[in-house]
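**Q** Okay, here's the structure, questions in a sec.
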Amino acid sequence: MTLQAVLFYLLAAVSIASAIMVITRRNPVTSALFLVLNFFSLGGLYLTLHAQFIAVIQILVYAGAIMVLFLFVIMLLNLGDSQSLREVISLRKLAGVGLSTAFLLEIIYILGFRVSDFPAGEVTRGLEIGTVEYIGQKLFTDYLFPFEITSILLLAAIVGAVVMAKRKLD
């Protein structure tokens, strides 16, 4: 087994363990910290799959910005009384367990296939799609117009936020 495969399986185990810890911890801050660990291990998994851009975005966006938002919400909610948060077994929970079981069976079925079952061209194409060069080339050639429209929209939102903040200061 290669070093890349060992690293992949190690990061997958850390990801699964941290995901289980997220949903089993009673303290929401501890749960959020395990979620950060999960995001970092997913970023490492993306790196082992040669998807550098997706790995960096995973860590910057999710482990950075989204987790700060989660922690602010946890602090604002002040979840001190855990008795009011208790739930009974309902139809929704049973449906969730059923869907989770179906998802697990699907993953087991998919893992039954080997990479050799897929055409060789598709595997190499998948390795090239996750790179920064490929995404940059596609973004600035095929998707230049939507990219520019999005940047203009974000610029308008920033100008609007500055104008609204300026009104409140005056």
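In the structure tokens, the first chain shown is A, the next is B, and so on; residue numbers restart at 1 for each chain, and ligands run from 1 in the order shown.
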List every residue of region 34-88 of chain A that has an atom at most 12 Å from any atom of region 132-143 of chain A, giving for each one its closest atom pair and the distance in Å to one decimal, counting only C-alpha atoms, sorted by chain and then by ascending residue number, as JSON lines.
**A**
```
{"residue": "A:Leu47", "atom": "CA", "partner": "A:Val132", "partner_atom": "CA", "distance": 11.9}
{"residue": "A:His50", "atom": "CA", "partner": "A:Val132", "partner_atom": "CA", "distance": 10.1}
{"residue": "A:Ala51", "atom": "CA", "partner": "A:Val132", "partner_atom": "CA", "distance": 7.9}
{"residue": "A:Gln52", "atom": "CA", "partner": "A:Val132", "partner_atom": "CA", "distance": 6.6}
{"residue": "A:Phe53", "atom": "CA", "partner": "A:Val132", "partner_atom": "CA", "distance": 5.1}
{"residue": "A:Ile54", "atom": "CA", "partner": "A:Val132", "partner_atom": "CA", "distance": 8.4}
{"residue": "A:Ala55", "atom": "CA", "partner": "A:Val132", "partner_atom": "CA", "distance": 10.3}
{"residue": "A:Val56", "atom": "CA", "partner": "A:Val132", "partner_atom": "CA", "distance": 9.9}
{"residue": "A:Ile57", "atom": "CA", "partner": "A:Val132", "partner_atom": "CA", "distance": 10.7}
```
**Q** Would you return as a VMD selection string the members of chain A that DSSP assigns to helix (DSSP H, G or I) on this structure's backbone?
**A** chain A and resid 3 to 24 28 to 48 52 to 77 83 to 85 91 to 111 115 to 117 120 to 129 132 to 141 144 to 169
**Q** Can you tell me how far CA of Leu60 (chain A) sits from CA of Phe72 (chain A), in Å to one decimal?
**A**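 A separation of 17.3 Å between them.
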**Q** Determine the nearest neighbour of Ile16 (chain A) from the options A:Ser31, A:Ser41, A:Thr2, A:Thr150, counting only C-alpha atoms.
**A** A:Ser41
